[in-house]
Amino acid sequence: MNQTHVHLLTLLAGIAGMLMAASAAGFVLQRRLSPDGSNAVIENLNARIKAWWAMVILIALAFLGGRAGVILLFALCSFAALREFVTLTNARRADHWALAAAFFVILPVQYYLVWVDWYGLYSIFIPVYAFLLLPIVSALRGDTDRYLIRIAEVQWALMICVFCVSHVPALLSLQIPGYEGRNVLLIAFLVVVVQLSDVLQYVWGKLLGRRKIAPLLSPSKTVEGFFGGVASATIIGAGLWWMTPFAPLQAGSLALIVALMGFFGGLVMSAIKRDRGVKDWGHLIAGHGGFIDRLDSVIFSAPIFFHIVRYWWSLT
Amino acid sequence: MRFLTQIAAMAIVLFARLITAVRGIWQGAEPVPRQRIYFANHASHGDFILIWTVLPPRLRRSTRPVAGADYWLKTSLRRFIGCDVFKAVLIDRNRESRERDPIEVMVEALDGGASLIVFPEGTRNGTDAPLLPFKSGLYHLAKARPTVELVPVWIDNLNRVMPKGEFVPVPLICTVTFGAPVRVDSSEDKEAFLERARNALLALSPKSSEVRA
């Protein structure tokens, strides 16, 4: 067992401990406040905790599968997210081939490029090539009704669900001196900080939340939850410096940046849901909603985290 | 052969879930083993597969789609999927040449204990209208076996997954909504019943609730 494994197991033990505490708290709350299952907040809390167990186990399995496991996991997340996003767009009959290409050509090619480590192409493939080629495919069908809206939606769907998400496994290809073979811990750091920030915003909000921070976008987010969640995620991020190539202060700063990006990502995705008149993106993750509901904060933080680490720490 | 059909059924259900992440919404009817005629909107060849996918496995075994013989007997693959996997009740849609009345064939299947999936529009809806007028078969079927429940089933979004004439499906999330059963009133004539059944189905469409809201 090498150091990476020890670090991963330490982190997993910590997460399992937290989830056990959460499950116990959820059980007590249910006994006291919702014995007949009538309290919606408690029932949703317990559904969320159960789903967290499943997600943590799944990610841990993917990490065991190494590079292939991680890339496959995020490719599948992209597929599920893209399916949710396109469902809410204005796409019409004339976009059929463009959409089929998005799912069955662009998505696999993007992850293949991440797999073969071709940074020069995977960082521009969707913003340049897909951006120019898909509108051509749609235009050839000759349907101009709401054309600009339709092609913009398909491009947005690909940027959000495929391009941004693929920057999580792309962290594996950074070459950081003295950190060789341990990049999977960078993914663990990013995902843990961003998701804990979400969870802690929820917890602080439920405990102390009084003032709504963005009532028109997301009525459940509060000022108290925002400051409490981001501050505690920053402190936890700094405390996780031992598994990263960063010094404690650097780890804390990066944690602050990804927590903030995650928060604003959640707001942007809420704005889209409001615009489309839905509450959740999907229904596949019990208690949470869809894949995008769970991924929104990772989506907005991953590319920024990737480029900061690449610029200041990586050789390539 | 039985083994092969089960594998095929599982593969089809898995594929349907991968492409559509389909979810059944039971509002007004429960997924219980009761003899029923599920009547649904028809926009794609995959319609009955989605209904079948969201039914609990023990209900699937006794639920048979009613389908046009001309389509499902054309190739041996279609025949395998239609007859062996889904045990479709095949009817001849050609009025001139057919030897048996379709109602008779469907009643026979009901008397065998099966529940049926029917598409009362009679053909796939390729128009912009949400639902075509109903053919009269549903009325005659309801009259012939009045104790069988008629459950409206709205299939949403599948027409966008695979529009008529396309052969590559685009993954999109679909829902299948089951509504409260309708019955024929003794005082009601054919036109009135078909209109009421059609409205009961249309009311399950998410678009119609948007209009109401």
# chains A, B, ... in the order shown; residues from 1 in each chain; ligands from 1
>>> residues_around(residues="range 206-219 of chain A", least_positions_apart="4", cutoff="10 Å", atoms="only C-alpha atoms", output="list in words")
Val41, Leu200, Gln201, Tyr202, Val223, Glu224, Gly225, Phe226, Gly228, Gly266, Leu267, Val268, Met269, Ser270, Ala271, Ile272, Lys273, Arg274, Asp275 and Lys279 of chain A
>>> select_by_dssp(residues="range 72-162 of chain B", states="alpha helix (DSSP H)", output="list of chain:residue names")
B:Trp72, B:Ser76, B:Leu77, B:Arg78, B:Arg79, B:Pro102, B:Ile103, B:Glu104, B:Val105, B:Met106, B:Val107, B:Glu108, B:Ala109, B:Leu110, B:Asp111, B:Gly137, B:Leu138, B:Tyr139, B:His140, B:Leu141, B:Ala142, B:Lys143, B:Ala144, B:Leu158, B:Asn159, B:Arg160, B:Val161
>>> residues_around(residues="range 86-102 of chain B", least_positions_apart="3", cutoff="8 Å", atoms="only C-alpha atoms", output="number ranges by chain")
B: 9, 64-70, 72, 81-83, 105-106, 109
>>> select_by_dssp(residues="range 69-178 of chain B", states="strand (DSSP E)", output="PDB file with all heavy atoms, in the first residue's frame")
ATOM      1  N   VAL B  89     -50.839  -8.821 -29.096  1.00  0.00           N
ATOM      2  CA  VAL B  89     -52.083  -9.265 -29.715  1.00  0.00           C
ATOM      3  C   VAL B  89     -52.115  -8.592 -31.084  1.00  0.00           C
ATOM      4  O   VAL B  89     -52.266  -7.382 -31.186  1.00  0.00           O
ATOM      5  CB  VAL B  89     -53.300  -8.823 -28.866  1.00  0.00           C
ATOM      6  CG1 VAL B  89     -54.591  -9.229 -29.542  1.00  0.00           C
ATOM      7  CG2 VAL B  89     -53.193  -9.377 -27.461  1.00  0.00           C
ATOM      8  N   LEU B  90     -51.917  -9.370 -32.146  1.00  0.00           N
ATOM      9  CA  LEU B  90     -51.772  -8.762 -33.464  1.00  0.00           C
ATOM     10  C   LEU B  90     -53.132  -8.660 -34.147  1.00  0.00           C
ATOM     11  O   LEU B  90     -53.906  -9.624 -34.170  1.00  0.00           O
ATOM     12  CB  LEU B  90     -50.814  -9.586 -34.326  1.00  0.00           C
ATOM     13  CG  LEU B  90     -49.365  -9.583 -33.831  1.00  0.00           C
ATOM     14  CD1 LEU B  90     -48.484 -10.384 -34.767  1.00  0.00           C
ATOM     15  CD2 LEU B  90     -48.834  -8.160 -33.691  1.00  0.00           C
ATOM     16  N   ILE B  91     -53.408  -7.482 -34.683  1.00  0.00           N
ATOM     17  CA  ILE B  91     -54.670  -7.302 -35.403  1.00  0.00           C
ATOM     18  C   ILE B  91     -54.373  -6.856 -36.826  1.00  0.00           C
ATOM     19  O   ILE B  91     -53.384  -6.178 -37.087  1.00  0.00           O
ATOM     20  CB  ILE B  91     -55.594  -6.285 -34.704  1.00  0.00           C
ATOM     21  CG1 ILE B  91     -54.843  -4.977 -34.459  1.00  0.00           C
ATOM     22  CG2 ILE B  91     -56.121  -6.843 -33.390  1.00  0.00           C
ATOM     23  CD1 ILE B  91     -55.720  -3.882 -33.950  1.00  0.00           C
ATOM     24  N   SER B 115     -54.112  -8.317 -19.492  1.00  0.00           N
ATOM     25  CA  SER B 115     -54.414  -6.899 -19.615  1.00  0.00           C
ATOM     26  C   SER B 115     -53.879  -6.448 -20.964  1.00  0.00           C
ATOM     27  O   SER B 115     -52.959  -7.053 -21.497  1.00  0.00           O
ATOM     28  CB  SER B 115     -53.726  -6.101 -18.509  1.00  0.00           C
ATOM     29  OG  SER B 115     -54.334  -6.351 -17.267  1.00  0.00           O
ATOM     30  N   LEU B 116     -54.469  -5.373 -21.520  1.00  0.00           N
ATOM     31  CA  LEU B 116     -54.059  -4.936 -22.858  1.00  0.00           C
ATOM     32  C   LEU B 116     -53.509  -3.517 -22.836  1.00  0.00           C
ATOM     33  O   LEU B 116     -53.878  -2.703 -21.984  1.00  0.00           O
ATOM     34  CB  LEU B 116     -55.237  -4.986 -23.830  1.00  0.00           C
ATOM     35  CG  LEU B 116     -55.901  -6.339 -24.075  1.00  0.00           C
ATOM     36  CD1 LEU B 116     -57.044  -6.166 -25.078  1.00  0.00           C
ATOM     37  CD2 LEU B 116     -54.899  -7.355 -24.586  1.00  0.00           C
ATOM     38  N   ILE B 117     -52.598  -3.240 -23.775  1.00  0.00           N
ATOM     39  CA  ILE B 117     -52.167  -1.868 -24.046  1.00  0.00           C
ATOM     40  C   ILE B 117     -52.694  -1.520 -25.431  1.00  0.00           C
ATOM     41  O   ILE B 117     -52.357  -2.202 -26.409  1.00  0.00           O
ATOM     42  CB  ILE B 117     -50.632  -1.737 -24.046  1.00  0.00           C
ATOM     43  CG1 ILE B 117     -50.052  -2.099 -22.677  1.00  0.00           C
ATOM     44  CG2 ILE B 117     -50.213  -0.328 -24.438  1.00  0.00           C
ATOM     45  CD1 ILE B 117     -48.530  -2.198 -22.657  1.00  0.00           C
ATOM     46  N   VAL B 118     -53.553  -0.496 -25.534  1.00  0.00           N
ATOM     47  CA  VAL B 118     -54.088  -0.131 -26.858  1.00  0.00           C
ATOM     48  C   VAL B 118     -53.788   1.336 -27.153  1.00  0.00           C
ATOM     49  O   VAL B 118     -53.586   2.150 -26.246  1.00  0.00           O
ATOM     50  CB  VAL B 118     -55.614  -0.371 -26.957  1.00  0.00           C
ATOM     51  CG1 VAL B 118     -55.952  -1.828 -26.706  1.00  0.00           C
ATOM     52  CG2 VAL B 118     -56.378   0.525 -25.998  1.00  0.00           C
ATOM     53  N   GLU B 149     -61.088  -2.498 -16.203  1.00  0.00           N
ATOM     54  CA  GLU B 149     -60.802  -1.063 -16.012  1.00  0.00           C
ATOM     55  C   GLU B 149     -60.132  -0.462 -17.247  1.00  0.00           C
ATOM     56  O   GLU B 149     -59.236  -1.067 -17.822  1.00  0.00           O
ATOM     57  CB  GLU B 149     -59.838  -0.865 -14.834  1.00  0.00           C
ATOM     58  CG  GLU B 149     -60.493  -0.917 -13.489  1.00  0.00           C
ATOM     59  CD  GLU B 149     -59.546  -0.495 -12.373  1.00  0.00           C
ATOM     60  OE1 GLU B 149     -58.333  -0.359 -12.637  1.00  0.00           O
ATOM     61  OE2 GLU B 149     -60.024  -0.329 -11.261  1.00  0.00           O
ATOM     62  N   LEU B 150     -60.547   0.755 -17.622  1.00  0.00           N
ATOM     63  CA  LEU B 150     -59.894   1.463 -18.734  1.00  0.00           C
ATOM     64  C   LEU B 150     -59.012   2.551 -18.144  1.00  0.00           C
ATOM     65  O   LEU B 150     -59.519   3.540 -17.617  1.00  0.00           O
ATOM     66  CB  LEU B 150     -60.943   2.089 -19.644  1.00  0.00           C
ATOM     67  CG  LEU B 150     -61.950   1.152 -20.301  1.00  0.00           C
ATOM     68  CD1 LEU B 150     -63.083   1.953 -20.933  1.00  0.00           C
ATOM     69  CD2 LEU B 150     -61.254   0.311 -21.353  1.00  0.00           C
ATOM     70  N   VAL B 151     -57.687   2.371 -18.216  1.00  0.00           N
ATOM     71  CA  VAL B 151     -56.763   3.318 -17.580  1.00  0.00           C
ATOM     72  C   VAL B 151     -56.061   4.171 -18.642  1.00  0.00           C
ATOM     73  O   VAL B 151     -55.365   3.641 -19.511  1.00  0.00           O
ATOM     74  CB  VAL B 151     -55.702   2.565 -16.746  1.00  0.00           C
ATOM     75  CG1 VAL B 151     -54.671   3.522 -16.173  1.00  0.00           C
ATOM     76  CG2 VAL B 151     -56.378   1.773 -15.639  1.00  0.00           C
ATOM     77  N   PRO B 152     -56.251   5.516 -18.594  1.00  0.00           N
ATOM     78  CA  PRO B 152     -55.547   6.371 -19.552  1.00  0.00           C
ATOM     79  C   PRO B 152     -54.058   6.478 -19.193  1.00  0.00           C
ATOM     80  O   PRO B 152     -53.706   6.565 -18.024  1.00  0.00           O
ATOM     81  CB  PRO B 152     -56.242   7.730 -19.392  1.00  0.00           C
ATOM     82  CG  PRO B 152     -56.820   7.718 -18.024  1.00  0.00           C
ATOM     83  CD  PRO B 152     -57.115   6.277 -17.678  1.00  0.00           C
ATOM     84  N   VAL B 153     -53.190   6.459 -20.204  1.00  0.00           N
ATOM     85  CA  VAL B 153     -51.741   6.495 -19.979  1.00  0.00           C
ATOM     86  C   VAL B 153     -51.111   7.514 -20.925  1.00  0.00           C
ATOM     87  O   VAL B 153     -51.171   7.343 -22.146  1.00  0.00           O
ATOM     88  CB  VAL B 153     -51.106   5.115 -20.241  1.00  0.00           C
ATOM     89  CG1 VAL B 153     -49.613   5.162 -19.930  1.00  0.00           C
ATOM     90  CG2 VAL B 153     -51.781   4.033 -19.432  1.00  0.00           C
ATOM     91  N   TRP B 154     -50.529   8.579 -20.368  1.00  0.00           N
ATOM     92  CA  TRP B 154     -49.896   9.589 -21.208  1.00  0.00           C
ATOM     93  C   TRP B 154     -48.387   9.346 -21.248  1.00  0.00           C
ATOM     94  O   TRP B 154     -47.722   9.325 -20.228  1.00  0.00           O
ATOM     95  CB  TRP B 154     -50.161  11.002 -20.698  1.00  0.00           C
ATOM     96  CG  TRP B 154     -49.557  12.011 -21.627  1.00  0.00           C
ATOM     97  CD1 TRP B 154     -48.339  12.582 -21.534  1.00  0.00           C
ATOM     98  CD2 TRP B 154     -50.147  12.522 -22.825  1.00  0.00           C
ATOM     99  NE1 TRP B 154     -48.115  13.417 -22.599  1.00  0.00           N
ATOM    100  CE2 TRP B 154     -49.211  13.399 -23.402  1.00  0.00           C
ATOM    101  CE3 TRP B 154     -51.385  12.319 -23.475  1.00  0.00           C
ATOM    102  CZ2 TRP B 154     -49.463  14.080 -24.601  1.00  0.00           C
ATOM    103  CZ3 TRP B 154     -51.624  13.003 -24.656  1.00  0.00           C
ATOM    104  CH2 TRP B 154     -50.675  13.871 -25.203  1.00  0.00           C
ATOM    105  N   ILE B 155     -47.863   9.163 -22.460  1.00  0.00           N
ATOM    106  CA  ILE B 155     -46.418   8.973 -22.649  1.00  0.00           C
ATOM    107  C   ILE B 155     -45.850  10.300 -23.099  1.00  0.00           C
ATOM    108  O   ILE B 155     -46.230  10.815 -24.149  1.00  0.00           O
ATOM    109  CB  ILE B 155     -46.152   7.892 -23.705  1.00  0.00           C
ATOM    110  CG1 ILE B 155     -46.797   6.584 -23.264  1.00  0.00           C
ATOM    111  CG2 ILE B 155     -44.660   7.705 -23.924  1.00  0.00           C
ATOM    112  CD1 ILE B 155     -46.916   5.589 -24.374  1.00  0.00           C
ATOM    113  N   ASP B 156     -44.935  10.877 -22.291  1.00  0.00           N
ATOM    114  CA  ASP B 156     -44.446  12.211 -22.608  1.00  0.00           C
ATOM    115  C   ASP B 156     -43.009  12.192 -23.099  1.00  0.00           C
ATOM    116  O   ASP B 156     -42.146  11.568 -22.484  1.00  0.00           O
ATOM    117  CB  ASP B 156     -44.560  13.115 -21.378  1.00  0.00           C
ATOM    118  CG  ASP B 156     -44.477  14.571 -21.781  1.00  0.00           C
ATOM    119  OD1 ASP B 156     -45.264  14.963 -22.657  1.00  0.00           O
ATOM    120  OD2 ASP B 156     -43.632  15.301 -21.233  1.00  0.00           O
ATOM    121  N   THR B 175     -41.570  10.469 -19.315  1.00  0.00           N
ATOM    122  CA  THR B 175     -42.417  10.022 -18.206  1.00  0.00           C
ATOM    123  C   THR B 175     -43.642   9.312 -18.774  1.00  0.00           C
ATOM    124  O   THR B 175     -44.051   9.564 -19.905  1.00  0.00           O
ATOM    125  CB  THR B 175     -42.905  11.198 -17.333  1.00  0.00           C
ATOM    126  OG1 THR B 175     -43.559  12.134 -18.179  1.00  0.00           O
ATOM    127  CG2 THR B 175     -41.770  11.875 -16.599  1.00  0.00           C
ATOM    128  N   VAL B 176     -44.182   8.398 -17.970  1.00  0.00           N
ATOM    129  CA  VAL B 176     -45.406   7.687 -18.322  1.00  0.00           C
ATOM    130  C   VAL B 176     -46.380   7.907 -17.170  1.00  0.00           C
ATOM    131  O   VAL B 176     -46.108   7.501 -16.044  1.00  0.00           O
ATOM    132  CB  VAL B 176     -45.130   6.187 -18.509  1.00  0.00           C
ATOM    133  CG1 VAL B 176     -46.420   5.428 -18.766  1.00  0.00           C
ATOM    134  CG2 VAL B 176     -44.147   5.955 -19.654  1.00  0.00           C
ATOM    135  N   THR B 177     -47.503   8.608 -17.443  1.00  0.00           N
ATOM    136  CA  THR B 177     -48.439   8.956 -16.381  1.00  0.00           C
ATOM    137  C   THR B 177     -49.725   8.145 -16.492  1.00  0.00           C
ATOM    138  O   THR B 177     -50.362   8.135 -17.555  1.00  0.00           O
ATOM    139  CB  THR B 177     -48.776  10.463 -16.431  1.00  0.00           C
ATOM    140  OG1 THR B 177     -47.556  11.194 -16.477  1.00  0.00           O
ATOM    141  CG2 THR B 177     -49.568  10.890 -15.205  1.00  0.00           C
ATOM    142  N   PHE B 178     -50.075   7.460 -15.414  1.00  0.00           N
ATOM    143  CA  PHE B 178     -51.292   6.646 -15.386  1.00  0.00           C
ATOM    144  C   PHE B 178     -52.387   7.426 -14.667  1.00  0.00           C
ATOM    145  O   PHE B 178     -52.191   7.865 -13.540  1.00  0.00           O
ATOM    146  CB  PHE B 178     -51.037   5.333 -14.637  1.00  0.00           C
ATOM    147  CG  PHE B 178     -50.012   4.451 -15.292  1.00  0.00           C
ATOM    148  CD1 PHE B 178     -48.650   4.690 -15.105  1.00  0.00           C
ATOM    149  CD2 PHE B 178     -50.396   3.390 -16.095  1.00  0.00           C
ATOM    150  CE1 PHE B 178     -47.693   3.880 -15.704  1.00  0.00           C
ATOM    151  CE2 PHE B 178     -49.442   2.574 -16.701  1.00  0.00           C
ATOM    152  CZ  PHE B 178     -48.096   2.823 -16.499  1.00  0.00           C
TER     153      PHE B 178
END
>>> closest_atom_pairs(of="chain A", to="chain B", cutoff="8 Å", atoms="only C-alpha atoms", output="CSV")
residue,atom,partner,partner_atom,distance
A:Arg83,CA,B:Leu172,CA,5.1
A:Glu84,CA,B:Ile173,CA,6.4
A:Val86,CA,B:Leu172,CA,6.7
A:Thr87,CA,B:Leu172,CA,5.1
A:Arg92,CA,B:Arg160,CA,7.4
A:Arg93,CA,B:Pro163,CA,6.9
A:His96,CA,B:Val170,CA,7.1
A:Leu99,CA,B:Val170,CA,6.5
A:Ala100,CA,B:Val170,CA,5.4
A:Phe103,CA,B:Val170,CA,7.5
A:Gly282,CA,B:Ile173,CA,8.0
A:Leu284,CA,B:Ala21,CA,7.8
>>> residues_around(residues="range 15-29 of chain A", least_positions_apart="2", cutoff="8 Å", atoms="only C-alpha atoms", output="PyMOL selection string")
chain A and resi 11-13+31-34+42+45-46+49-50+52-53
>>> atom_distance(atom1="CA of Gly290 in chain A", atom2="CA of Ala255 in chain A")
24.9 Å
>>> decode(residues="range 161-184 of chain A", atoms="N, CA, C and O atoms", output="tab-separated table (two decimals), in the first residue's frame")
chain	number	residue	atom	x	y	z
A	161	CYS	N	-22.40	20.29	-19.47
A	161	CYS	CA	-22.51	18.88	-19.08
A	161	CYS	C	-21.30	18.05	-19.50
A	161	CYS	O	-21.02	17.03	-18.88
A	162	VAL	N	-20.61	18.45	-20.56
A	162	VAL	CA	-19.49	17.62	-21.04
A	162	VAL	C	-18.16	18.33	-20.81
A	162	VAL	O	-17.28	17.83	-20.13
A	163	PHE	N	-18.03	19.54	-21.37
A	163	PHE	CA	-16.75	20.25	-21.28
A	163	PHE	C	-16.33	20.48	-19.82
A	163	PHE	O	-15.25	20.07	-19.40
A	164	CYS	N	-17.21	21.10	-19.04
A	164	CYS	CA	-16.85	21.42	-17.65
A	164	CYS	C	-16.65	20.15	-16.83
A	164	CYS	O	-15.67	20.04	-16.09
A	165	VAL	N	-17.55	19.19	-16.96
A	165	VAL	CA	-17.44	17.97	-16.14
A	165	VAL	C	-16.15	17.22	-16.48
A	165	VAL	O	-15.50	16.66	-15.60
A	166	SER	N	-15.73	17.25	-17.77
A	166	SER	CA	-14.54	16.48	-18.16
A	166	SER	C	-13.28	17.07	-17.54
A	166	SER	O	-12.23	16.42	-17.55
A	167	HIS	N	-13.33	18.30	-17.01
A	167	HIS	CA	-12.15	18.86	-16.35
A	167	HIS	C	-11.87	18.23	-15.00
A	167	HIS	O	-10.79	18.43	-14.45
A	168	VAL	N	-12.83	17.47	-14.46
A	168	VAL	CA	-12.53	16.75	-13.21
A	168	VAL	C	-11.55	15.61	-13.50
A	168	VAL	O	-10.45	15.60	-12.93
A	169	PRO	N	-11.86	14.65	-14.42
A	169	PRO	CA	-10.85	13.62	-14.69
A	169	PRO	C	-9.59	14.17	-15.35
A	169	PRO	O	-8.53	13.56	-15.24
A	170	ALA	N	-9.69	15.35	-16.02
A	170	ALA	CA	-8.49	15.93	-16.64
A	170	ALA	C	-7.43	16.26	-15.60
A	170	ALA	O	-6.24	16.35	-15.93
A	171	LEU	N	-7.84	16.43	-14.34
A	171	LEU	CA	-6.86	16.70	-13.28
A	171	LEU	C	-5.82	15.59	-13.19
A	171	LEU	O	-4.70	15.81	-12.73
A	172	LEU	N	-6.20	14.38	-13.66
A	172	LEU	CA	-5.28	13.25	-13.60
A	172	LEU	C	-4.04	13.48	-14.45
A	172	LEU	O	-3.00	12.87	-14.23
A	173	SER	N	-4.15	14.34	-15.47
A	173	SER	CA	-3.03	14.46	-16.41
A	173	SER	C	-2.05	15.57	-16.03
A	173	SER	O	-1.03	15.73	-16.69
A	174	LEU	N	-2.33	16.32	-14.98
A	174	LEU	CA	-1.38	17.37	-14.58
A	174	LEU	C	-0.10	16.72	-14.04
A	174	LEU	O	-0.15	15.69	-13.39
A	175	GLN	N	1.03	17.35	-14.38
A	175	GLN	CA	2.31	16.81	-13.89
A	175	GLN	C	2.91	17.76	-12.87
A	175	GLN	O	3.51	18.77	-13.21
A	176	ILE	N	2.73	17.39	-11.60
A	176	ILE	CA	3.18	18.25	-10.52
A	176	ILE	C	4.42	17.60	-9.88
A	176	ILE	O	4.34	16.47	-9.41
A	177	PRO	N	5.57	18.29	-9.89
A	177	PRO	CA	6.80	17.69	-9.37
A	177	PRO	C	6.63	17.28	-7.90
A	177	PRO	O	6.10	18.04	-7.09
A	178	GLY	N	7.04	16.07	-7.59
A	178	GLY	CA	6.93	15.56	-6.22
A	178	GLY	C	5.56	15.01	-5.90
A	178	GLY	O	5.31	14.57	-4.77
A	179	TYR	N	4.62	15.05	-6.86
A	179	TYR	CA	3.24	14.62	-6.59
A	179	TYR	C	2.84	13.54	-7.60
A	179	TYR	O	1.66	13.26	-7.79
A	180	GLU	N	3.82	12.92	-8.26
A	180	GLU	CA	3.55	11.97	-9.34
A	180	GLU	C	2.71	10.79	-8.83
A	180	GLU	O	2.95	10.28	-7.73
A	181	GLY	N	1.76	10.38	-9.63
A	181	GLY	CA	0.96	9.20	-9.29
A	181	GLY	C	-0.09	9.44	-8.22
A	181	GLY	O	-0.76	8.52	-7.80
A	182	ARG	N	-0.23	10.68	-7.78
A	182	ARG	CA	-1.17	10.94	-6.68
A	182	ARG	C	-2.30	11.87	-7.10
A	182	ARG	O	-3.07	12.34	-6.26
A	183	ASN	N	-2.41	12.14	-8.43
A	183	ASN	CA	-3.37	13.15	-8.89
A	183	ASN	C	-4.82	12.83	-8.53
A	183	ASN	O	-5.65	13.73	-8.45
A	184	VAL	N	-5.11	11.55	-8.32
A	184	VAL	CA	-6.48	11.19	-7.98
A	184	VAL	C	-6.90	11.90	-6.69
A	184	VAL	O	-8.07	12.23	-6.48
